[in-house]
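*Asks:* Supplied structure: model-v6.cif, mmCIF, C-alpha atoms and all ligand atoms.
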```cif
data_run
loop_
_atom_site.label_atom_id
_atom_site.label_comp_id
_atom_site.auth_asym_id
_atom_site.auth_seq_id
_atom_site.Cartn_x
_atom_site.Cartn_y
_atom_site.Cartn_z
CA MET A 1 -11.63 48.15 22.85
CA THR A 2 -13.62 46.57 20.02
CA ALA A 3 -14.93 43.00 19.80
CA VAL A 4 -12.67 42.38 16.77
CA THR A 5 -9.24 43.54 15.63
CA ARG A 6 -8.99 41.83 12.22
CA VAL A 7 -11.97 41.23 9.93
CA ALA A 8 -12.33 39.76 6.44
CA ILE A 9 -15.28 40.77 4.26
CA ALA A 10 -16.45 38.86 1.17
CA GLY A 11 -17.94 41.17 -1.48
CA SER A 12 -17.77 44.87 -2.34
CA GLY A 13 -21.45 45.83 -2.58
CA VAL A 14 -23.16 48.26 -0.22
CA ALA A 15 -23.26 45.78 2.69
CA ALA A 16 -19.54 45.00 2.42
CA LEU A 17 -18.34 48.56 1.95
CA ALA A 18 -20.53 50.01 4.72
CA THR A 19 -19.15 47.34 7.07
CA ALA A 20 -15.60 48.06 5.93
CA ILE A 21 -15.97 51.82 6.43
CA GLN A 22 -17.39 51.55 9.95
CA LEU A 23 -14.85 48.97 11.16
CA ALA A 24 -11.83 50.65 9.57
CA LYS A 25 -12.85 53.99 11.10
CA ALA A 26 -12.88 52.28 14.52
CA GLY A 27 -9.29 51.09 14.01
CA VAL A 28 -10.07 47.51 12.99
CA GLU A 29 -7.83 45.94 10.33
CA VAL A 30 -10.17 45.18 7.41
CA ASP A 31 -9.52 43.10 4.29
CA VAL A 32 -12.25 43.26 1.62
CA PHE A 33 -12.17 40.43 -0.93
CA GLU A 34 -14.17 40.97 -4.13
CA ALA A 35 -14.46 38.18 -6.68
CA LYS A 36 -14.88 40.46 -9.69
CA PRO A 37 -11.65 41.66 -11.32
CA GLU A 38 -12.69 45.31 -11.10
CA PRO A 39 -15.51 47.48 -9.71
CA THR A 40 -17.89 47.10 -12.64
CA VAL A 41 -21.57 47.48 -11.89
CA VAL A 42 -24.43 45.93 -13.79
CA GLY A 43 -27.85 47.50 -13.59
CA SER A 44 -28.56 51.13 -14.07
CA GLY A 45 -29.78 53.25 -11.22
CA ILE A 46 -30.96 52.65 -7.69
CA SER A 47 -33.59 54.24 -5.42
CA LEU A 48 -32.30 54.96 -1.95
CA GLN A 49 -34.83 55.72 0.73
CA GLY A 50 -34.37 57.84 3.84
CA ASN A 51 -33.32 54.92 6.05
CA ALA A 52 -30.48 54.18 3.58
CA LEU A 53 -29.49 57.85 3.50
CA ARG A 54 -29.31 57.96 7.30
CA VAL A 55 -26.81 55.08 7.22
CA PHE A 56 -24.71 56.91 4.60
CA ASP A 57 -24.62 59.88 6.97
CA ALA A 58 -23.34 57.66 9.79
CA LEU A 59 -20.62 56.40 7.41
CA GLY A 60 -19.58 60.00 6.63
CA ALA A 61 -20.50 59.53 2.95
CA TRP A 62 -23.82 61.40 2.82
CA ASP A 63 -22.51 64.70 1.42
CA ASP A 64 -20.78 62.93 -1.49
CA ILE A 65 -23.79 60.74 -2.14
CA ARG A 66 -26.27 63.60 -2.07
CA ALA A 67 -24.10 65.55 -4.54
CA ALA A 68 -23.88 62.60 -6.94
CA GLY A 69 -27.59 61.71 -6.97
CA TYR A 70 -31.05 63.26 -7.27
CA PRO A 71 -32.88 63.72 -3.94
CA PHE A 72 -36.66 64.08 -4.15
CA GLU A 73 -39.88 63.92 -2.14
CA GLY A 74 -43.03 61.96 -2.92
CA LEU A 75 -44.16 59.53 -5.60
CA ASN A 76 -46.54 60.07 -8.51
CA LEU A 77 -48.87 57.45 -9.92
CA ARG A 78 -49.79 57.89 -13.59
CA ALA A 79 -52.36 56.09 -15.74
CA PRO A 80 -51.52 54.29 -18.97
CA GLY A 81 -53.00 55.70 -22.16
CA PRO A 82 -53.00 59.10 -23.86
CA GLY A 83 -51.61 62.00 -21.84
CA ALA A 84 -50.42 59.74 -19.00
CA PRO A 85 -52.48 61.67 -16.45
CA ILE A 86 -51.15 61.84 -12.89
CA VAL A 87 -53.82 60.05 -10.84
CA ALA A 88 -52.21 60.35 -7.41
CA GLU A 89 -49.45 62.39 -5.82
CA LEU A 90 -48.48 60.36 -2.79
CA PRO A 91 -47.09 62.26 0.17
CA ASP A 92 -43.65 61.85 1.65
CA VAL A 93 -42.71 59.10 4.03
CA LYS A 94 -39.41 60.08 5.54
CA THR A 95 -38.06 56.69 6.52
CA GLY A 96 -34.77 58.31 7.56
CA GLY A 97 -36.46 60.95 9.72
CA PRO A 98 -36.93 64.67 9.08
CA ASP A 99 -33.25 65.42 8.33
CA TYR A 100 -33.13 63.49 5.07
CA PRO A 101 -35.09 63.56 1.83
CA ALA A 102 -37.74 60.86 1.49
CA GLY A 103 -35.58 59.28 -1.16
CA MET A 104 -33.15 59.77 -3.98
CA GLY A 105 -32.04 58.08 -7.14
CA MET A 106 -28.46 57.64 -8.22
CA PRO A 107 -26.40 55.75 -10.78
CA ARG A 108 -25.19 52.48 -9.22
CA ALA A 109 -21.66 53.07 -10.56
CA GLU A 110 -21.48 56.38 -8.66
CA LEU A 111 -22.63 54.76 -5.43
CA THR A 112 -19.92 52.11 -5.76
CA ARG A 113 -17.25 54.70 -6.60
CA ILE A 114 -18.09 56.83 -3.54
CA LEU A 115 -18.27 53.94 -1.07
CA LEU A 116 -15.00 52.47 -2.39
CA ALA A 117 -13.31 55.85 -1.93
CA HIS A 118 -14.59 56.14 1.65
CA ALA A 119 -13.57 52.57 2.52
CA THR A 120 -10.07 53.14 1.14
CA ALA A 121 -9.74 56.49 2.92
CA ALA A 122 -10.80 54.84 6.20
CA GLY A 123 -7.95 52.36 5.78
CA ALA A 124 -9.65 49.19 4.49
CA ASN A 125 -7.58 47.00 2.13
CA ILE A 126 -9.62 46.12 -0.95
CA ARG A 127 -8.61 43.29 -3.30
CA PHE A 128 -10.38 42.64 -6.59
CA GLY A 129 -10.18 39.30 -8.39
CA ALA A 130 -10.23 37.74 -4.92
CA LYS A 131 -12.99 35.17 -4.49
CA VAL A 132 -13.59 33.74 -1.02
CA THR A 133 -13.61 30.00 -1.72
CA TRP A 134 -13.36 28.30 1.68
CA LEU A 135 -13.05 28.85 5.39
CA VAL A 136 -11.95 26.89 8.42
CA GLN A 137 -13.33 27.85 11.83
CA GLY A 138 -11.33 27.74 15.04
CA ASP A 139 -12.59 28.37 18.60
CA ASP A 140 -12.02 32.12 18.43
CA HIS A 141 -11.04 32.76 14.81
CA VAL A 142 -11.70 31.84 11.20
CA GLU A 143 -9.13 31.09 8.50
CA VAL A 144 -10.27 32.51 5.16
CA PHE A 145 -9.30 31.03 1.79
CA VAL A 146 -9.24 33.30 -1.24
CA ASN A 147 -8.82 31.88 -4.75
CA GLU A 148 -8.17 28.50 -3.01
CA GLU A 149 -5.24 29.85 -0.93
CA SER A 150 -5.15 30.90 2.72
CA ALA A 151 -5.47 34.67 3.05
CA GLY A 152 -4.94 34.60 6.82
CA VAL A 153 -6.68 34.23 10.14
CA TYR A 154 -9.40 36.68 11.21
CA ASP A 155 -11.62 37.35 14.22
CA LEU A 156 -14.65 37.44 11.90
CA LEU A 157 -15.60 36.80 8.27
CA VAL A 158 -18.54 38.89 7.04
CA GLY A 159 -20.21 37.19 4.07
CA ALA A 160 -21.59 40.20 2.18
CA ASP A 161 -21.25 38.30 -1.07
CA GLY A 162 -24.72 38.80 -2.46
CA LEU A 163 -27.64 36.74 -3.70
CA HIS A 164 -25.66 33.60 -4.61
CA SER A 165 -23.43 33.79 -1.54
CA THR A 166 -20.55 31.32 -1.37
CA VAL A 167 -20.14 32.03 2.35
CA ARG A 168 -23.82 31.15 2.98
CA ASP A 169 -23.26 27.81 1.23
CA ILE A 170 -20.03 27.06 3.08
CA ILE A 171 -21.60 27.60 6.51
CA GLY A 172 -24.30 25.10 5.59
CA SER A 173 -27.39 27.27 5.08
CA GLU A 174 -29.81 25.62 2.68
CA THR A 175 -31.77 28.81 2.00
CA LYS A 176 -31.62 29.96 -1.63
CA PRO A 177 -33.22 32.89 -3.45
CA GLU A 178 -36.48 31.88 -5.14
CA PRO A 179 -37.93 33.64 -8.22
CA THR A 180 -41.12 35.56 -7.35
CA GLY A 181 -42.55 35.22 -10.87
CA MET A 182 -41.74 38.74 -12.04
CA GLY A 183 -39.01 39.99 -14.37
CA ILE A 184 -37.79 43.55 -14.96
CA TRP A 185 -36.36 45.44 -17.91
CA ARG A 186 -34.23 48.44 -16.99
CA SER A 187 -32.51 51.14 -18.99
CA PHE A 188 -30.39 54.14 -18.04
CA VAL A 189 -31.67 57.11 -20.02
CA SER A 190 -31.78 60.92 -20.06
CA ARG A 191 -34.10 62.78 -17.68
CA PRO A 192 -36.86 64.90 -19.23
CA ALA A 193 -37.22 68.15 -17.21
CA GLU A 194 -40.74 67.21 -16.07
CA VAL A 195 -39.47 64.12 -14.16
CA VAL A 196 -38.59 65.34 -10.67
CA ARG A 197 -39.52 62.26 -8.60
CA SER A 198 -40.26 58.57 -9.10
CA GLU A 199 -43.38 57.92 -11.17
CA LEU A 200 -45.19 54.60 -11.57
CA TYR A 201 -47.82 53.52 -14.09
CA TYR A 202 -49.88 50.56 -12.89
CA GLY A 203 -51.80 48.58 -15.50
CA GLY A 204 -51.44 48.31 -19.26
CA PRO A 205 -49.37 45.59 -20.93
CA VAL A 206 -46.93 45.22 -18.01
CA PHE A 207 -47.49 45.20 -14.24
CA ILE A 208 -45.55 48.42 -13.59
CA ALA A 209 -43.88 50.94 -15.87
CA GLY A 210 -41.81 53.56 -14.11
CA TYR A 211 -38.73 55.70 -13.82
CA THR A 212 -36.63 57.39 -11.14
CA PRO A 213 -34.41 60.44 -11.62
CA THR A 214 -30.73 59.77 -10.79
CA GLY A 215 -29.15 63.13 -11.65
CA GLU A 216 -29.69 66.41 -13.51
CA ASP A 217 -29.22 64.59 -16.83
CA SER A 218 -30.11 60.99 -16.06
CA MET A 219 -32.76 58.61 -14.80
CA TYR A 220 -33.49 54.90 -14.98
CA ALA A 221 -36.63 53.50 -16.52
CA PHE A 222 -38.13 50.07 -15.91
CA LEU A 223 -40.88 47.72 -17.00
CA VAL A 224 -42.00 44.91 -14.68
CA GLU A 225 -43.49 41.88 -16.44
CA LYS A 226 -44.28 38.21 -15.78
CA ALA A 227 -40.93 36.40 -15.53
CA GLN A 228 -39.88 34.81 -18.80
CA ASP A 229 -36.71 33.15 -20.02
CA ARG A 230 -35.26 36.36 -21.46
CA PHE A 231 -31.67 35.86 -20.29
CA GLY A 232 -29.14 36.17 -23.10
CA THR A 233 -31.55 38.15 -25.31
CA PRO A 234 -29.41 39.95 -27.95
CA ASP A 235 -29.07 43.72 -27.33
CA ASP A 236 -31.15 44.87 -30.29
CA GLU A 237 -33.96 42.43 -29.44
CA ALA A 238 -33.89 43.54 -25.78
CA THR A 239 -34.26 47.17 -26.81
CA GLN A 240 -37.13 46.23 -29.12
CA ILE A 241 -38.95 44.46 -26.27
CA MET A 242 -38.72 47.59 -24.08
CA LEU A 243 -39.94 49.70 -26.99
CA ASP A 244 -42.88 47.39 -27.73
CA GLU A 245 -43.94 46.88 -24.10
CA SER A 246 -43.81 50.60 -23.31
CA ARG A 247 -45.94 51.84 -26.24
CA ALA A 248 -49.05 52.04 -24.05
CA TYR A 249 -47.33 54.60 -21.81
CA ASP A 250 -47.37 58.23 -22.78
CA GLY A 251 -45.75 61.29 -21.16
CA PRO A 252 -42.05 60.88 -20.26
CA TRP A 253 -42.06 57.41 -21.85
CA ASN A 254 -41.87 59.15 -25.24
CA SER A 255 -38.46 60.51 -24.27
CA ILE A 256 -37.39 57.10 -22.90
CA ARG A 257 -38.34 55.45 -26.19
CA ALA A 258 -36.33 58.06 -28.11
CA ASP A 259 -33.26 57.14 -26.01
CA LEU A 260 -33.87 53.42 -26.55
CA GLU A 261 -34.09 54.03 -30.29
CA GLY A 262 -30.84 56.00 -29.96
CA GLY A 263 -29.04 52.96 -28.47
CA ALA A 264 -29.74 52.98 -24.70
CA HIS A 265 -28.97 49.50 -23.34
CA ALA A 266 -31.79 47.31 -21.93
CA ASN A 267 -30.95 45.01 -19.02
CA TYR A 268 -33.14 42.10 -17.81
CA THR A 269 -33.34 40.25 -14.53
CA TRP A 270 -35.81 38.39 -12.32
CA PHE A 271 -37.10 39.34 -8.88
CA THR A 272 -36.20 36.97 -6.05
CA GLN A 273 -37.05 36.48 -2.42
CA HIS A 274 -35.45 34.67 0.50
CA ILE A 275 -34.62 35.13 4.13
CA VAL A 276 -32.11 32.97 5.97
CA PRO A 277 -33.72 31.85 9.25
CA ALA A 278 -31.83 32.73 12.44
CA PRO A 279 -29.00 32.48 13.07
CA TRP A 280 -27.22 34.35 10.27
CA ASN A 281 -23.90 33.47 11.90
CA ARG A 282 -22.05 30.22 12.51
CA GLY A 283 -19.25 30.82 14.98
CA HIS A 284 -17.08 33.62 13.64
CA VAL A 285 -18.78 33.89 10.26
CA VAL A 286 -21.94 35.89 9.49
CA VAL A 287 -23.94 36.64 6.34
CA ILE A 288 -25.56 40.04 5.77
CA GLY A 289 -27.25 41.95 2.93
CA ASP A 290 -28.47 39.97 -0.08
CA ALA A 291 -26.56 36.95 1.22
CA ALA A 292 -29.04 36.86 4.13
CA HIS A 293 -32.23 38.17 2.47
CA SER A 294 -33.58 39.39 -0.85
CA CYS A 295 -36.85 40.95 -1.90
CA PRO A 296 -38.39 42.28 -5.09
CA PRO A 297 -37.73 46.04 -5.34
CA THR A 298 -41.47 46.84 -5.07
CA ILE A 299 -40.75 49.10 -2.09
CA ALA A 300 -37.06 49.68 -2.99
CA GLN A 301 -35.64 48.44 0.30
CA GLY A 302 -33.04 45.76 -0.63
CA ALA A 303 -29.94 47.94 -0.42
CA ALA A 304 -31.42 49.90 2.49
CA GLN A 305 -31.82 46.67 4.48
CA ALA A 306 -28.27 45.60 3.53
CA LEU A 307 -27.02 48.94 4.86
CA GLU A 308 -28.99 48.54 8.08
CA ASP A 309 -27.46 45.06 8.57
CA ALA A 310 -23.99 46.54 8.18
CA PHE A 311 -24.75 49.46 10.49
CA VAL A 312 -26.20 47.36 13.33
CA LEU A 313 -23.49 44.69 13.05
CA THR A 314 -20.64 47.20 13.15
CA GLU A 315 -22.25 49.20 15.94
CA LEU A 316 -22.25 46.05 18.08
CA LEU A 317 -18.72 45.00 17.07
CA VAL A 318 -17.34 48.42 17.92
CA ALA A 319 -19.27 48.91 21.18
CA ARG A 320 -18.58 45.48 22.68
CA ASP A 321 -15.41 43.67 23.63
CA ALA A 322 -16.24 40.09 22.58
CA VAL A 323 -17.92 38.25 19.70
CA ASP A 324 -20.21 36.22 21.95
CA GLN A 325 -23.76 34.87 21.97
CA ASP A 326 -25.02 38.04 23.58
CA LEU A 327 -23.80 40.04 20.59
CA TRP A 328 -25.42 37.67 18.09
CA ASP A 329 -28.71 37.63 20.04
CA GLU A 330 -28.93 41.40 19.91
CA PHE A 331 -27.94 41.48 16.24
CA HIS A 332 -30.65 38.99 15.30
CA ALA A 333 -33.28 40.64 17.49
CA ARG A 334 -32.66 44.01 15.82
CA ARG A 335 -32.30 42.79 12.24
CA LEU A 336 -34.23 39.63 11.53
CA PRO A 337 -37.87 40.64 12.22
CA ARG A 338 -37.38 43.94 10.41
CA ALA A 339 -35.78 42.36 7.33
CA GLN A 340 -38.48 39.68 7.34
CA ARG A 341 -41.27 42.28 7.38
CA VAL A 342 -39.70 44.04 4.39
CA VAL A 343 -39.32 40.80 2.43
CA GLU A 344 -42.93 39.79 3.16
CA ALA A 345 -44.39 43.20 2.25
CA SER A 346 -42.31 43.45 -0.94
CA VAL A 347 -43.41 39.99 -2.03
CA GLN A 348 -47.07 40.72 -1.13
CA LEU A 349 -47.15 43.78 -3.39
CA GLY A 350 -45.84 41.78 -6.33
CA GLN A 351 -48.12 38.83 -5.60
CA TRP A 352 -51.25 41.01 -5.70
CA GLN A 353 -50.24 42.09 -9.18
CA LEU A 354 -49.48 38.54 -10.30
CA ASP A 355 -52.87 37.46 -8.94
CA GLY A 356 -54.60 40.32 -10.74
CA VAL A 357 -56.04 41.70 -7.50
CA ARG A 358 -57.49 45.04 -8.59
CA ASP A 359 -58.64 46.54 -5.31
CA ALA A 360 -55.51 45.85 -3.28
CA ASP A 361 -54.49 48.79 -1.13
CA VAL A 362 -51.06 49.18 -2.73
CA PRO A 363 -50.35 52.70 -1.44
CA GLY A 364 -51.63 51.63 1.99
CA LEU A 365 -49.19 48.73 2.22
CA MET A 366 -46.32 50.85 0.88
CA PHE A 367 -46.95 53.51 3.49
CA GLY A 368 -47.54 51.07 6.30
CA VAL A 369 -44.17 49.48 5.71
CA ALA A 370 -42.46 52.79 5.08
CA HIS A 371 -43.68 54.13 8.43
CA GLN A 372 -42.25 51.07 10.15
CA MET A 373 -38.95 51.66 8.37
CA ALA A 374 -38.87 55.09 9.97
CA GLU A 375 -38.27 53.40 13.34
CA PRO A 376 -34.51 52.88 13.87
CA ALA A 377 -33.25 49.28 13.53
C1 LIG B 1 -33.97 44.70 -10.43
C2 LIG B 1 -33.55 45.14 -9.06
C3 LIG B 1 -33.74 46.44 -8.67
C4 LIG B 1 -33.39 46.86 -7.38
N1 LIG B 1 -33.62 48.14 -7.00
C5 LIG B 1 -33.34 48.52 -5.74
C6 LIG B 1 -33.63 49.85 -5.31
O1 LIG B 1 -34.08 50.69 -6.11
N2 LIG B 1 -33.35 50.17 -4.02
C7 LIG B 1 -32.81 49.28 -3.13
O2 LIG B 1 -32.59 49.64 -1.96
N3 LIG B 1 -32.52 48.02 -3.52
C8 LIG B 1 -32.76 47.63 -4.80
N4 LIG B 1 -32.46 46.37 -5.19
C9 LIG B 1 -31.78 45.47 -4.26
C10 LIG B 1 -30.31 45.82 -4.14
O3 LIG B 1 -29.70 45.90 -5.43
C11 LIG B 1 -29.58 44.77 -3.32
O4 LIG B 1 -30.36 44.45 -2.17
C12 LIG B 1 -28.23 45.26 -2.85
O5 LIG B 1 -27.45 45.67 -3.94
C13 LIG B 1 -27.52 44.16 -2.07
O6 LIG B 1 -26.23 44.59 -1.72
P1 LIG B 1 -25.19 43.54 -1.16
O7 LIG B 1 -23.99 44.35 -0.79
O8 LIG B 1 -25.81 42.68 -0.11
O9 LIG B 1 -24.85 42.56 -2.37
P2 LIG B 1 -24.25 42.85 -3.82
O10 LIG B 1 -24.40 44.26 -4.22
O11 LIG B 1 -24.81 41.81 -4.72
O12 LIG B 1 -22.69 42.60 -3.65
C14 LIG B 1 -22.17 41.31 -3.50
C15 LIG B 1 -20.75 41.31 -4.03
O13 LIG B 1 -20.10 40.10 -3.64
C16 LIG B 1 -19.28 39.66 -4.71
N5 LIG B 1 -19.06 38.21 -4.50
C17 LIG B 1 -19.90 37.19 -4.78
N6 LIG B 1 -19.35 36.03 -4.36
C18 LIG B 1 -18.15 36.33 -3.82
C19 LIG B 1 -17.10 35.57 -3.20
N7 LIG B 1 -17.23 34.25 -3.05
N8 LIG B 1 -16.00 36.20 -2.77
C20 LIG B 1 -15.86 37.55 -2.91
N9 LIG B 1 -16.80 38.33 -3.48
C21 LIG B 1 -17.93 37.72 -3.92
C22 LIG B 1 -20.08 40.01 -5.95
O14 LIG B 1 -19.25 40.08 -7.09
C23 LIG B 1 -20.65 41.37 -5.55
O15 LIG B 1 -19.80 42.44 -5.92
C24 LIG B 1 -32.80 45.94 -6.47
C25 LIG B 1 -32.58 44.61 -6.87
C26 LIG B 1 -32.95 44.21 -8.16
C27 LIG B 1 -32.72 42.78 -8.57
#
```
If you took the structure in this file and wrote it as structure tokens, what would it be?
Ligand SMILES: Cc1cc2nc3c(=O)[nH]c(=O)nc-3n(C[C@H](O)[C@H](O)[C@H](O)COP(=O)(O)OP(=O)(O)OC[C@H]3O[C@@H](n4cnc5c(N)ncnc54)[C@H](O)[C@@H]3O)c2cc1C
*Replies:*
Amino acid sequence: MTAVTRVAIAGSGVAALATAIQLAKAGVEVDVFEAKPEPTVVGSGISLQGNALRVFDALGAWDDIRAAGYPFEGLNLRAPGPGAPIVAELPDVKTGGPDYPAGMGMPRAELTRILLAHATAAGANIRFGAKVTWLVQGDDHVEVFVNEESAGVYDLLVGADGLHSTVRDIIGSETKPEPTGMGIWRSFVSRPAEVVRSELYYGGPVFIAGYTPTGEDSMYAFLVEKAQDRFGTPDDEATQIMLDESRAYDGPWNSIRADLEGGAHANYTWFTQHIVPAPWNRGHVVVIGDAAHSCPPTIAQGAAQALEDAFVLTELLVARDAVDQDLWDEFHARRLPRAQRVVEASVQLGQWQLDGVRDADVPGLMFGVAHQMAEPA
């Protein structure tokens, strides 16, 4: 017996698909509604830390994910300027425990493809071009409206519909993502053989220049700067900005610049932060993932926290026989303080850089948080 027999999910990101996989595997009827017409993915690559990898294992997707990405251990810090010397080789923090690599990079499109395949194989129904637009709550159910029409009555609606969540708005939460003051340029490029783990350059013209391998032939590169109104920058101008801002960085950045000159696309976005105060549910509707919290990717934990939300929620829904206050209390107790700590630490790291604090213990904070992430949610 599970607490739910029929569940609707808004969104098809990691939070939505992890939820769909776990519930469908337990025999729950699952309808996933995704607003976009098809599974296109903006952005380039993603870093997935051990705690995310452990969730993929629980979903049964770890073997496929490991094969499609680039697992690695450790993090190098390099200095700007000639030769890009490695100034620190930071040791592993295995946030997923000893059975998983400390982290891995992978193309976002591959991650989506694999999770969609697992959700479909588990029996979830996935509809694209299906935007959740309204809901009406009953005592023990919720009626979900998709593209303005009723899609049916469900035991639960999971709002995994991202940063600008419609579901969060409909249930009356006033929390909205706030810009943190930093913007990021990203590009998906080829991997020089010498790049075998994430490397970060602190200092120079931008706050952070870095890259993460995502496969034998690929990696994503990024430059973190003070947020500016760069949205809608034409492609050639965007590429030129990445070229100009990266000139102070030597080593593998020479190869990245060659790819940019060869036409690699440059993508820009801002960092945000928010956390919806408890409760994340109203009756038979709950928000998880970026709908509930966002953080700058300074410790690369956004998707990992979305996956943990999905894992804890589905564990409770499958183990219990009612969606009651007891279930929500346990869900919030396990998820909210942990997500809050990650948001605060991620923001703190960025804020030190914005404030120009030179002697901040950046590695110390990163490792302090990472060790906490190694404790199960
Ligand atoms: C620059 C940047 C870099 C990042 N790097 C990392 C990283 O390296 N590692 C990491 O762990 N995290 C990273 N993150 C964070 C990570 O990308 C997010 O935390 C994660 O993708 C959130 O997943 P989600 O499933 O909650 O939401 P999303 O992936 O945003 O999915 C939400 C989905 O809902 C759909 N949707 C929206 N409204 C509706 C509606 N009304 N009805 C139906 N569907 C709807 C959207 O189209 C979308 O497909 C980064 C974030 C940024 C901005």
*Asks:* Expressed in Å to a single decimal, how great is the separation between atom C19 of ligand LIG 1 (chain B) and atom CA of Gly232 of chain A?
*Replies:*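 Between these atoms lies a distance of 23.3 Å.
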*Asks:* So how many Å separate atom CA of Phe231 of chain A and atom CA of Gly181 of chain A, to one decimal?
*Replies:*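 Atom CA of Gly181 of chain A lies 14.4 Å from atom CA of Phe231 of chain A.
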*Asks:* Choose the residue, out of A:Val285, A:Ala15, A:Ala322, A:Leu327, that has the smallest atom-to-atom separation from ligand LIG 1 (chain B); count all atoms listed in the file.
*Replies:* A:Ala15
*Asks:* Restricting the calculation to only C-alpha atoms and all ligand atoms: of A:Arg197, A:Lys131, A:His293, A:Arg230, which residue gets closest to ligand LIG 1 (chain B)?
*Replies:*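 Of A:Arg197, A:Lys131, A:His293, A:Arg230, the one nearest ligand LIG 1 (chain B), counting only C-alpha atoms and all ligand atoms, is A:Lys131.
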*Asks:* May I have the residues within 8 Å of segment 49-55 of chain A as a CSV table (one decimal) with C-alpha atoms, keeping the file's coordinate frame, using all atoms listed in the file and disregarding those fewer than 3 positions away in the same chain?
*Replies:*
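Result file follows (result.csv):
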```csv
chain,number,residue,atom,x,y,z
A,58,ALA,CA,-23.3,57.7,9.8
A,59,LEU,CA,-20.6,56.4,7.4
A,62,TRP,CA,-23.8,61.4,2.8
A,94,LYS,CA,-39.4,60.1,5.5
A,95,THR,CA,-38.1,56.7,6.5
A,96,GLY,CA,-34.8,58.3,7.6
A,97,GLY,CA,-36.5,61.0,9.7
A,100,TYR,CA,-33.1,63.5,5.1
A,101,PRO,CA,-35.1,63.6,1.8
A,102,ALA,CA,-37.7,60.9,1.5
A,103,GLY,CA,-35.6,59.3,-1.2
A,104,MET,CA,-33.2,59.8,-4.0
A,300,ALA,CA,-37.1,49.7,-3.0
A,301,GLN,CA,-35.6,48.4,0.3
A,303,ALA,CA,-29.9,47.9,-0.4
A,304,ALA,CA,-31.4,49.9,2.5
A,305,GLN,CA,-31.8,46.7,4.5
A,307,LEU,CA,-27.0,48.9,4.9
A,308,GLU,CA,-29.0,48.5,8.1
A,311,PHE,CA,-24.8,49.5,10.5
A,373,MET,CA,-39.0,51.7,8.4
A,374,ALA,CA,-38.9,55.1,10.0
```
*Asks:* Could you give me, as an MDAnalysis selection string, the residues within 7 Å of segment 261-275 of chain A, counting all atoms listed in the file and dropping anything in the same chain fewer than 6 positions from it?
*Replies:* chainID A and resid 43 176:180 182:189 227 231 238:239 292:296 340 343
*Asks:* Any idea what's packed within 9 Å of segment 4-9 of chain A, counting only C-alpha atoms, ignoring anything in its chain fewer than 2 positions away? Could you give it as JSON, numbers by chain?
*Replies:* {"A": [1, 2, 11, 12, 16, 17, 19, 20, 23, 27, 28, 29, 30, 31, 32, 33, 34, 132, 144, 153, 154, 155, 156, 157, 158, 159, 160, 161, 317, 318, 320, 321, 322, 323]}
*Asks:* Centre and edge lengths of an axis-aligned box around all listed atoms of ligand LIG 1 (chain B), with 5 Å added on each side, are to be given in Å to one decimal, as JSON.
*Replies:*
```
{"center_x": -25.0, "center_y": 42.5, "center_z": -5.3, "size_x": 28.2, "size_y": 26.4, "size_z": 20.3}
```
*Asks:* Using only C-alpha atoms for the distances, tell me which of A:Thr314, A:Thr298, A:Gln325, A:Thr112 is nearest to Gly350 of chain A.
*Replies:* A:Thr298
*Asks:* Measuring atom to atom with all atoms listed in the file, identify which of A:Thr133, A:Gln22, A:Ser44, A:Gln351 is nearest to Thr214 of chain A.
*Replies:*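 When distances to Thr214 of chain A are compared using all atoms listed in the file, the smallest one comes from A:Ser44.
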*Asks:* Counting all atoms listed in the file, find the residues whose atoms lie at most 6 Å from (-49.0, 60.8, -9.7) (file coordinates) and write them out as a PyMOL selection string.
*Replies:* chain A and resi 76-78+86-89
*Asks:* Calculate how many Å separate atom CA of Ala130 of chain A from atom CA of Lys36 of chain A, rounding to one decimal.
*Replies:* 7.2 Å
*Asks:* Pick out the residues sitting within 8 Å of Leu223 of chain A, and hand them over as a list in words; count all atoms listed in the file, and ignore anything fewer than 6 positions along from it in its own chain.
*Replies:*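 Surrounding residues, per the criterion: Ile184, Trp185, Arg186, Val206, Phe207, Ile208, Ala209, Gly210, Met242, Glu245 and Ser246 of chain A.
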*Asks:* For Arg247 of chain A, list every protein, DNA or RNA residue within 10 Å, evaluated using only C-alpha atoms, and leave out those in the same chain fewer than 2 positions away; present the list as a list in words.
*Replies:*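 After dropping sequence-adjacent residues, the list is Pro80, Gly81, Gly204, Pro205, Met242, Leu243, Asp244, Glu245, Tyr249, Asp250, Trp253, Asn254 and Arg257 of chain A.
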